[in-house]
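What follows is one structure encoded as structure tokens, with my remarks underneath.
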Amino acid sequence: MNHEQAKETVDEIFNSIRTATSNEHIDELISGELYKNKMDSEAYPYLHFSLTPSEIQELINSRLINSDGNITPNISERDDLNPLTKLLYSVLWKNGDLKKIKHIVQGIQQIDEPTSDKEDGLVFYQFGKFLTKTGQPIIDQHVLRAFAIYRTTDLHEVEQLRWKGTLNKKDRPLIEDYKNWLKSNELTAELRSEHEYSYHIDQLLFALGKTIKTSKRTRGNSR
């Protein structure tokens with residue numbers, strides 16, 4: 001699709017979101033091309049549990065993580081770890097993801113804090129906030145791509161946004177804007193009263209943002 005069509009697609013979906021009155025209505029919008037790009041429910045099944053600041057403090061007290069949110073360096077030397085903990089730690093180690101934990105921990109601990117001072121790890125930081133199950137959205141590059149295109153009328157900016165990838169500190173205002181939009185009167189009161197409605201919107205915008213994404217290599221031929 002060209003940039004005009006991408007903008008039209010985004011606007012159509014957001015207009016439908018603004019009139020939706022239930023999570024079911026949001027889920028029904030994930031159809032056609034969007035359905036092909038929806039989040040894989042087997043790779044990312046719904047998370048039923050939550051994590052609270054007090055639980056994080058318990059981990060700190062148990063010396064499983066440090067006060068800065070990192071996993072204790074010598075944790076593998078402990079003999080009180082259960083098999084599941086050892087297995088999950090091994091996966092983090094193998095994927096080089098041990099340093100990402102601190103961003104999730106900080107998000108949980110700073111649930112009421114904005115992202116305005118966060119320098120890096122924005123996606124994991126916001127994911128930590130989501131894990132508290134207090135109504136915070138998940139947020140990733142695809143979600144924000146769709147939201148940013150909805151907010152602009154400049155087709156040149158649409159072109160730039162369509163291939164935008166990893167989030168960085170320049171995206172902090174956009175993240176806060178998206179979070180405020182989720183709580184605004186642009187959405188119906190009925191939808192905002194639904195349990196975890198922001199999660200369903202996240203799922204929809206993930207599929208939308210992924211559907212309209214282009215690569216830098218092909219952007220010049222998108223019109």
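Every chain in the structure tokens has a letter given in the order shown (A, B, ...), and although residue numbers restart at 1 in each chain, ligands are simply numbered from 1 in the order shown.
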Residues near region 103-120 of chain A, cut-off 7 Å, only C-alpha atoms, skip fewer than 5 positions along chain, as a VMD selection string: chain A and resid 52 to 53 69 125 to 129 132 168 to 169 172
Compile the contact shell of Ala148 (chain A) as an NGL selection string: residues with an atom at most 9 Å away, counting only C-alpha atoms, same-chain residues fewer than 2 positions apart removed. :A and (143-146 or 150-152 or 158 or 161 or 174 or 178)
Please provide as an MDAnalysis selection string all residues within 10 Å of Phe14 (chain A), with the sequence filter that same-chain residues fewer than 6 positions apart are discarded (counting only C-alpha atoms). chainID A and resid 8 20 146:147 150 186:187 201 205
Those selected residues, please, written with C-alpha atoms and delivered as a PDB file, in the first residue's frame.
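File part_24.pdb, as written:
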ATOM      1  CA  GLU A   8      -6.443   5.921   5.448  1.00  0.00           C
ATOM      2  CA  ALA A  20     -16.113   0.860  20.209  1.00  0.00           C
ATOM      3  CA  ALA A 146       0.186   3.284  14.353  1.00  0.00           C
ATOM      4  CA  PHE A 147      -0.600   5.917  16.995  1.00  0.00           C
ATOM      5  CA  TYR A 150      -2.997   8.581  13.455  1.00  0.00           C
ATOM      6  CA  GLU A 186     -11.733  10.091  22.669  1.00  0.00           C
ATOM      7  CA  LEU A 187     -12.676   6.575  23.772  1.00  0.00           C
ATOM      8  CA  ILE A 201      -6.147  -1.893  22.008  1.00  0.00           C
ATOM      9  CA  LEU A 205      -2.445  -1.509  17.201  1.00  0.00           C
TER      10      LEU A 205
END
Point-to-point distance from CA of Gly135 (chain A) to CA of Glu196 (chain A), Å rounded to tenths: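 CA of Glu196 (chain A) lies 6.1 Å from CA of Gly135 (chain A).
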Which one is closest to Leu51 (chain A): A:Pro83, A:Thr72, A:Trp93, A:Lys133? Count only C-alpha atoms.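 Of A:Pro83, A:Thr72, A:Trp93, A:Lys133, the one nearest Leu51 (chain A), counting only C-alpha atoms, is A:Lys133.
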Can you tell me, as an NGL selection string, what residues are no more than 12 Å from Gln203 (chain A) when counting only C-alpha atoms, ignoring any on the same chain fewer than 3 positions away? :A and (23 or 26-30 or 34-35 or 37-41 or 44-46 or 137-140 or 142-144 or 146 or 196-200 or 206-210)
Restricting the calculation to only C-alpha atoms: of A:Asp80, A:Lys7, A:Tyr89, A:Met1, which residue gets closest to Thr153 (chain A)?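 Comparing A:Asp80, A:Lys7, A:Tyr89, A:Met1 against Thr153 (chain A), the winner is A:Lys7.
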Write down as a short mmCIF file (atom, residue, chain, number, x, y, z; two decimals) with N, CA, C and O atoms, in the first residue's frame the residues belonging to region 9-194 of chain A that are assigned alpha helix (DSSP H) by DSSP computed on the backbone.
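Final output, selection16.cif:
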data_model
loop_
_atom_site.label_atom_id
_atom_site.label_comp_id
_atom_site.auth_asym_id
_atom_site.auth_seq_id
_atom_site.Cartn_x
_atom_site.Cartn_y
_atom_site.Cartn_z
N THR A 9 -5.94 3.67 6.18
CA THR A 9 -6.15 2.44 6.95
C THR A 9 -6.07 2.73 8.45
O THR A 9 -6.91 2.29 9.24
N VAL A 10 -5.06 3.49 8.83
CA VAL A 10 -4.88 3.85 10.24
C VAL A 10 -6.07 4.66 10.74
O VAL A 10 -6.64 4.38 11.81
N ASP A 11 -6.50 5.65 9.96
CA ASP A 11 -7.61 6.50 10.38
C ASP A 11 -8.90 5.70 10.51
O ASP A 11 -9.71 5.94 11.44
N GLU A 12 -9.12 4.77 9.60
CA GLU A 12 -10.33 3.93 9.67
C GLU A 12 -10.35 3.11 10.95
O GLU A 12 -11.39 3.01 11.63
N ILE A 13 -9.22 2.53 11.30
CA ILE A 13 -9.15 1.71 12.51
C ILE A 13 -9.35 2.58 13.75
O ILE A 13 -10.11 2.21 14.67
N PHE A 14 -8.71 3.73 13.80
CA PHE A 14 -8.84 4.59 14.97
C PHE A 14 -10.25 5.15 15.10
O PHE A 14 -10.76 5.31 16.21
N ASN A 15 -10.90 5.43 13.98
CA ASN A 15 -12.30 5.88 14.04
C ASN A 15 -13.18 4.78 14.63
O ASN A 15 -14.12 5.06 15.39
N SER A 16 -12.86 3.54 14.30
CA SER A 16 -13.62 2.41 14.85
C SER A 16 -13.33 2.23 16.33
O SER A 16 -14.22 1.90 17.11
N ILE A 17 -12.08 2.45 16.72
CA ILE A 17 -11.72 2.36 18.13
C ILE A 17 -12.50 3.40 18.93
O ILE A 17 -13.00 3.13 20.02
N ARG A 18 -12.61 4.59 18.39
CA ARG A 18 -13.25 5.70 19.11
C ARG A 18 -14.74 5.46 19.34
O ARG A 18 -15.32 6.07 20.25
N THR A 19 -15.35 4.60 18.55
CA THR A 19 -16.77 4.31 18.73
C THR A 19 -17.02 2.96 19.39
O THR A 19 -18.18 2.62 19.69
N ASN A 23 -14.42 -4.64 24.66
CA ASN A 23 -13.20 -5.33 24.21
C ASN A 23 -13.49 -6.21 23.01
O ASN A 23 -12.65 -6.37 22.12
N GLU A 24 -14.67 -6.78 22.99
CA GLU A 24 -15.06 -7.64 21.87
C GLU A 24 -15.07 -6.85 20.56
O GLU A 24 -14.61 -7.33 19.52
N HIS A 25 -15.58 -5.61 20.62
CA HIS A 25 -15.58 -4.77 19.42
C HIS A 25 -14.17 -4.49 18.93
O HIS A 25 -13.90 -4.48 17.72
N ILE A 26 -13.24 -4.27 19.87
CA ILE A 26 -11.83 -4.04 19.51
C ILE A 26 -11.25 -5.28 18.85
O ILE A 26 -10.58 -5.19 17.81
N ASP A 27 -11.49 -6.43 19.45
CA ASP A 27 -10.93 -7.68 18.92
C ASP A 27 -11.45 -7.98 17.51
O ASP A 27 -10.72 -8.54 16.68
N GLU A 28 -12.69 -7.59 17.24
CA GLU A 28 -13.28 -7.86 15.92
C GLU A 28 -12.61 -7.05 14.81
O GLU A 28 -12.72 -7.41 13.63
N GLU A 33 -5.79 -8.32 6.61
CA GLU A 33 -4.34 -8.21 6.70
C GLU A 33 -3.87 -8.05 8.14
O GLU A 33 -2.80 -8.53 8.51
N LEU A 34 -4.67 -7.38 8.95
CA LEU A 34 -4.30 -7.20 10.35
C LEU A 34 -4.24 -8.53 11.07
O LEU A 34 -3.36 -8.77 11.90
N TYR A 35 -5.14 -9.43 10.72
CA TYR A 35 -5.17 -10.74 11.36
C TYR A 35 -3.88 -11.51 11.07
O TYR A 35 -3.36 -12.22 11.92
N LYS A 36 -3.36 -11.34 9.86
CA LYS A 36 -2.12 -12.03 9.47
C LYS A 36 -0.94 -11.53 10.29
O LYS A 36 0.05 -12.24 10.46
N PRO A 53 5.24 -3.78 43.48
CA PRO A 53 6.46 -3.26 44.10
C PRO A 53 6.86 -4.02 45.36
O PRO A 53 8.05 -4.22 45.61
N SER A 54 5.89 -4.48 46.13
CA SER A 54 6.21 -5.22 47.35
C SER A 54 6.83 -6.57 47.02
O SER A 54 7.73 -7.06 47.75
N GLU A 55 6.41 -7.19 45.93
CA GLU A 55 7.01 -8.46 45.53
C GLU A 55 8.44 -8.24 45.04
O GLU A 55 9.32 -9.09 45.27
N ILE A 56 8.66 -7.13 44.37
CA ILE A 56 10.03 -6.80 43.96
C ILE A 56 10.91 -6.60 45.19
O ILE A 56 12.06 -7.05 45.22
N GLN A 57 10.36 -5.95 46.20
CA GLN A 57 11.12 -5.74 47.43
C GLN A 57 11.47 -7.06 48.09
O GLN A 57 12.55 -7.23 48.67
N GLU A 58 10.58 -8.04 48.00
CA GLU A 58 10.85 -9.38 48.54
C GLU A 58 12.04 -10.01 47.82
O GLU A 58 12.88 -10.67 48.44
N LEU A 59 12.12 -9.81 46.50
CA LEU A 59 13.24 -10.35 45.73
C LEU A 59 14.55 -9.66 46.14
O LEU A 59 15.60 -10.31 46.20
N ILE A 60 14.46 -8.37 46.41
CA ILE A 60 15.65 -7.63 46.87
C ILE A 60 16.07 -8.13 48.24
O ILE A 60 17.26 -8.37 48.50
N ASN A 61 15.10 -8.31 49.14
CA ASN A 61 15.39 -8.80 50.49
C ASN A 61 15.99 -10.20 50.46
O ASN A 61 16.81 -10.56 51.32
N PRO A 83 14.09 -25.60 40.18
CA PRO A 83 14.41 -25.92 38.78
C PRO A 83 13.88 -24.90 37.77
O PRO A 83 14.56 -24.58 36.80
N LEU A 84 12.67 -24.38 38.01
CA LEU A 84 12.10 -23.42 37.06
C LEU A 84 12.91 -22.12 37.05
O LEU A 84 13.18 -21.55 35.99
N THR A 85 13.31 -21.65 38.23
CA THR A 85 14.14 -20.44 38.31
C THR A 85 15.45 -20.64 37.56
O THR A 85 15.89 -19.76 36.81
N LYS A 86 16.07 -21.79 37.75
CA LYS A 86 17.34 -22.07 37.05
C LYS A 86 17.14 -22.14 35.54
O LYS A 86 17.99 -21.65 34.77
N LEU A 87 16.04 -22.74 35.13
CA LEU A 87 15.77 -22.87 33.71
C LEU A 87 15.54 -21.50 33.07
O LEU A 87 16.11 -21.17 32.02
N LEU A 88 14.70 -20.67 33.70
CA LEU A 88 14.41 -19.35 33.15
C LEU A 88 15.64 -18.44 33.18
O LEU A 88 15.85 -17.65 32.25
N TYR A 89 16.44 -18.55 34.22
CA TYR A 89 17.68 -17.78 34.28
C TYR A 89 18.61 -18.19 33.13
O TYR A 89 19.25 -17.34 32.50
N SER A 90 18.66 -19.49 32.85
CA SER A 90 19.51 -19.99 31.77
C SER A 90 19.08 -19.44 30.42
O SER A 90 19.92 -19.12 29.57
N VAL A 91 17.77 -19.31 30.19
CA VAL A 91 17.28 -18.75 28.93
C VAL A 91 17.69 -17.27 28.82
O VAL A 91 18.14 -16.83 27.76
N LEU A 92 17.54 -16.53 29.92
CA LEU A 92 17.95 -15.12 29.92
C LEU A 92 19.45 -15.00 29.64
O LEU A 92 19.89 -14.14 28.87
N TRP A 93 20.22 -15.85 30.27
CA TRP A 93 21.68 -15.83 30.09
C TRP A 93 22.04 -16.12 28.64
O TRP A 93 22.84 -15.42 28.04
N LYS A 94 21.43 -17.16 28.07
CA LYS A 94 21.75 -17.57 26.71
C LYS A 94 21.37 -16.51 25.69
O LYS A 94 22.08 -16.30 24.68
N ILE A 101 16.36 -7.04 32.68
CA ILE A 101 15.49 -7.23 33.83
C ILE A 101 15.32 -5.93 34.62
O ILE A 101 14.22 -5.61 35.09
N LYS A 102 16.39 -5.17 34.75
CA LYS A 102 16.32 -3.96 35.58
C LYS A 102 15.29 -2.97 35.07
O LYS A 102 14.66 -2.25 35.86
N HIS A 103 15.08 -2.91 33.75
CA HIS A 103 14.11 -1.97 33.20
C HIS A 103 12.68 -2.38 33.58
O HIS A 103 11.85 -1.54 33.91
N ILE A 104 12.43 -3.69 33.56
CA ILE A 104 11.12 -4.20 33.98
C ILE A 104 10.91 -3.92 35.47
O ILE A 104 9.84 -3.46 35.89
N VAL A 105 11.93 -4.19 36.26
CA VAL A 105 11.86 -3.95 37.71
C VAL A 105 11.59 -2.47 37.99
O VAL A 105 10.75 -2.13 38.83
N GLN A 106 12.29 -1.59 37.30
CA GLN A 106 12.10 -0.16 37.49
C GLN A 106 10.67 0.26 37.13
O GLN A 106 10.07 1.11 37.80
N GLY A 107 10.13 -0.33 36.07
CA GLY A 107 8.77 -0.03 35.68
C GLY A 107 7.77 -0.42 36.75
O GLY A 107 6.81 0.31 37.02
N ILE A 108 7.99 -1.57 37.37
CA ILE A 108 7.12 -2.03 38.45
C ILE A 108 7.25 -1.13 39.67
O ILE A 108 6.25 -0.73 40.28
N GLN A 109 8.46 -0.78 40.00
CA GLN A 109 8.70 0.06 41.18
C GLN A 109 8.22 1.49 40.99
O GLN A 109 7.82 2.15 41.94
N LEU A 122 12.98 1.59 27.21
CA LEU A 122 11.62 2.12 27.36
C LEU A 122 10.54 1.05 27.23
O LEU A 122 9.56 1.06 27.97
N VAL A 123 10.71 0.13 26.29
CA VAL A 123 9.71 -0.91 26.07
C VAL A 123 9.62 -1.83 27.29
O VAL A 123 8.52 -2.16 27.76
N PHE A 124 10.77 -2.23 27.83
CA PHE A 124 10.78 -3.10 29.00
C PHE A 124 10.30 -2.36 30.24
O PHE A 124 9.62 -2.93 31.10
N TYR A 125 10.63 -1.08 30.33
CA TYR A 125 10.18 -0.25 31.45
C TYR A 125 8.66 -0.17 31.47
O TYR A 125 8.02 -0.37 32.52
N GLN A 126 8.07 0.09 30.32
CA GLN A 126 6.61 0.17 30.24
C GLN A 126 5.98 -1.20 30.45
O GLN A 126 4.90 -1.32 31.02
N PHE A 127 6.66 -2.26 30.00
CA PHE A 127 6.15 -3.61 30.22
C PHE A 127 6.08 -3.91 31.71
O PHE A 127 5.15 -4.57 32.18
N GLY A 128 7.06 -3.42 32.46
CA GLY A 128 7.02 -3.57 33.90
C GLY A 128 5.78 -2.92 34.49
O GLY A 128 5.12 -3.48 35.38
N LYS A 129 5.44 -1.74 34.00
CA LYS A 129 4.24 -1.06 34.46
C LYS A 129 2.99 -1.87 34.13
O LYS A 129 2.05 -1.98 34.94
N PHE A 130 2.98 -2.46 32.93
CA PHE A 130 1.84 -3.31 32.54
C PHE A 130 1.69 -4.49 33.49
O PHE A 130 0.57 -4.88 33.84
N LEU A 131 2.81 -5.07 33.91
CA LEU A 131 2.76 -6.25 34.77
C LEU A 131 2.12 -6.00 36.13
O LEU A 131 1.71 -6.94 36.80
N GLN A 141 7.12 -0.75 19.33
CA GLN A 141 7.32 0.10 18.15
C GLN A 141 6.13 0.07 17.21
O GLN A 141 5.78 1.10 16.60
N HIS A 142 5.46 -1.08 17.08
CA HIS A 142 4.34 -1.18 16.16
C HIS A 142 3.14 -0.37 16.67
O HIS A 142 2.46 0.32 15.90
N VAL A 143 2.87 -0.46 17.96
CA VAL A 143 1.77 0.29 18.57
C VAL A 143 1.99 1.79 18.38
O VAL A 143 1.09 2.52 17.94
N LEU A 144 3.19 2.25 18.71
CA LEU A 144 3.47 3.68 18.60
C LEU A 144 3.54 4.16 17.15
O LEU A 144 3.22 5.31 16.86
N ARG A 145 3.93 3.29 16.25
CA ARG A 145 3.93 3.65 14.82
C ARG A 145 2.50 3.96 14.38
O ARG A 145 2.24 4.98 13.73
N ALA A 146 1.58 3.08 14.72
CA ALA A 146 0.19 3.28 14.35
C ALA A 146 -0.37 4.55 15.00
O ALA A 146 -1.06 5.35 14.35
N PHE A 147 -0.08 4.75 16.28
CA PHE A 147 -0.60 5.92 16.99
C PHE A 147 -0.03 7.21 16.43
O PHE A 147 -0.76 8.20 16.25
N ALA A 148 1.26 7.23 16.14
CA ALA A 148 1.90 8.43 15.60
C ALA A 148 1.33 8.80 14.24
O ALA A 148 1.13 9.98 13.93
N ILE A 149 1.07 7.80 13.41
CA ILE A 149 0.49 8.06 12.08
C ILE A 149 -0.93 8.58 12.22
O ILE A 149 -1.37 9.46 11.47
N TYR A 150 -1.65 8.07 13.19
CA TYR A 150 -3.00 8.58 13.45
C TYR A 150 -2.95 10.05 13.84
O TYR A 150 -3.82 10.84 13.43
N ARG A 151 -1.94 10.46 14.57
CA ARG A 151 -1.85 11.83 15.08
C ARG A 151 -1.38 12.85 14.04
O ARG A 151 -1.50 14.05 14.25
N LEU A 155 1.94 13.64 5.12
CA LEU A 155 2.28 12.38 4.45
C LEU A 155 3.77 12.11 4.45
O LEU A 155 4.20 10.95 4.42
N HIS A 156 4.59 13.17 4.46
CA HIS A 156 6.03 12.95 4.55
C HIS A 156 6.37 12.32 5.90
O HIS A 156 7.21 11.41 5.98
N GLU A 157 5.71 12.78 6.95
CA GLU A 157 5.93 12.19 8.27
C GLU A 157 5.40 10.76 8.31
O GLU A 157 6.01 9.89 8.94
N VAL A 158 4.30 10.51 7.63
CA VAL A 158 3.77 9.15 7.54
C VAL A 158 4.82 8.23 6.93
O VAL A 158 5.06 7.11 7.41
N GLU A 159 5.46 8.71 5.87
CA GLU A 159 6.51 7.92 5.21
C GLU A 159 7.64 7.59 6.19
O GLU A 159 8.11 6.45 6.26
N GLN A 160 8.08 8.57 6.96
CA GLN A 160 9.15 8.35 7.93
C GLN A 160 8.72 7.37 9.02
O GLN A 160 9.48 6.49 9.43
N LEU A 161 7.50 7.52 9.48
CA LEU A 161 7.01 6.68 10.57
C LEU A 161 6.81 5.23 10.14
O LEU A 161 6.94 4.32 10.96
N ARG A 162 6.52 5.02 8.88
CA ARG A 162 6.23 3.66 8.41
C ARG A 162 7.44 2.74 8.53
O ARG A 162 7.28 1.52 8.65
N ARG A 172 9.75 9.36 24.14
CA ARG A 172 9.12 9.45 25.46
C ARG A 172 7.86 10.30 25.45
O ARG A 172 6.84 9.89 26.03
N PRO A 173 7.86 11.48 24.80
CA PRO A 173 6.60 12.26 24.77
C PRO A 173 5.46 11.52 24.08
O PRO A 173 4.31 11.62 24.48
N LEU A 174 5.80 10.77 23.02
CA LEU A 174 4.78 10.02 22.29
C LEU A 174 4.19 8.92 23.16
O LEU A 174 2.97 8.66 23.13
N ILE A 175 5.03 8.28 23.95
CA ILE A 175 4.56 7.24 24.86
C ILE A 175 3.56 7.83 25.86
O ILE A 175 2.48 7.27 26.10
N GLU A 176 3.92 8.97 26.44
CA GLU A 176 3.02 9.61 27.40
C GLU A 176 1.73 10.08 26.73
O GLU A 176 0.65 9.99 27.30
N ASP A 177 1.86 10.55 25.49
CA ASP A 177 0.69 10.99 24.72
C ASP A 177 -0.26 9.81 24.49
O ASP A 177 -1.49 9.94 24.63
N TYR A 178 0.31 8.67 24.15
CA TYR A 178 -0.51 7.47 23.92
C TYR A 178 -1.21 7.03 25.20
O TYR A 178 -2.41 6.70 25.19
N LYS A 179 -0.49 7.04 26.29
CA LYS A 179 -1.07 6.65 27.57
C LYS A 179 -2.20 7.59 27.99
O LYS A 179 -3.23 7.16 28.52
N ASN A 180 -2.01 8.87 27.73
CA ASN A 180 -3.06 9.84 28.05
C ASN A 180 -4.27 9.66 27.14
O ASN A 180 -5.42 9.82 27.58
N TRP A 181 -4.00 9.34 25.87
CA TRP A 181 -5.09 9.11 24.92
C TRP A 181 -5.96 7.94 25.36
O TRP A 181 -7.20 7.99 25.25
N LEU A 182 -5.34 6.90 25.90
CA LEU A 182 -6.09 5.73 26.35
C LEU A 182 -7.06 6.06 27.48
O LEU A 182 -8.07 5.37 27.66
N ALA A 189 -16.94 5.88 27.17
CA ALA A 189 -16.93 5.54 28.59
C ALA A 189 -17.17 4.04 28.77
O ALA A 189 -16.62 3.42 29.69
N GLU A 190 -17.97 3.46 27.88
CA GLU A 190 -18.25 2.02 27.97
C GLU A 190 -16.97 1.21 27.77
O GLU A 190 -16.72 0.25 28.50
N LEU A 191 -16.17 1.60 26.77
CA LEU A 191 -14.93 0.87 26.52
C LEU A 191 -13.96 1.05 27.69
O LEU A 191 -13.34 0.09 28.14
N ARG A 192 -13.85 2.28 28.19
CA ARG A 192 -12.91 2.55 29.28
C ARG A 192 -13.30 1.85 30.58
O ARG A 192 -12.48 1.73 31.49
#
Computed interatomic separation between CA of Ile71 (chain A) and CA of Lys99 (chain A) (Å):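 Computing it gives 7.9 Å between the two atoms.
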Quick check, in Å to one decimal: how far apart do CA of Ser215 (chain A) and CA of Gly165 (chain A) lie? 9.2 Å
Let me make sure I understand: among A:Asn70, A:Gln136, A:Ser193, A:Ser184, which one has the smallest atom-to-atom distance to Lys100 (chain A) if we use only C-alpha atoms? A:Asn70
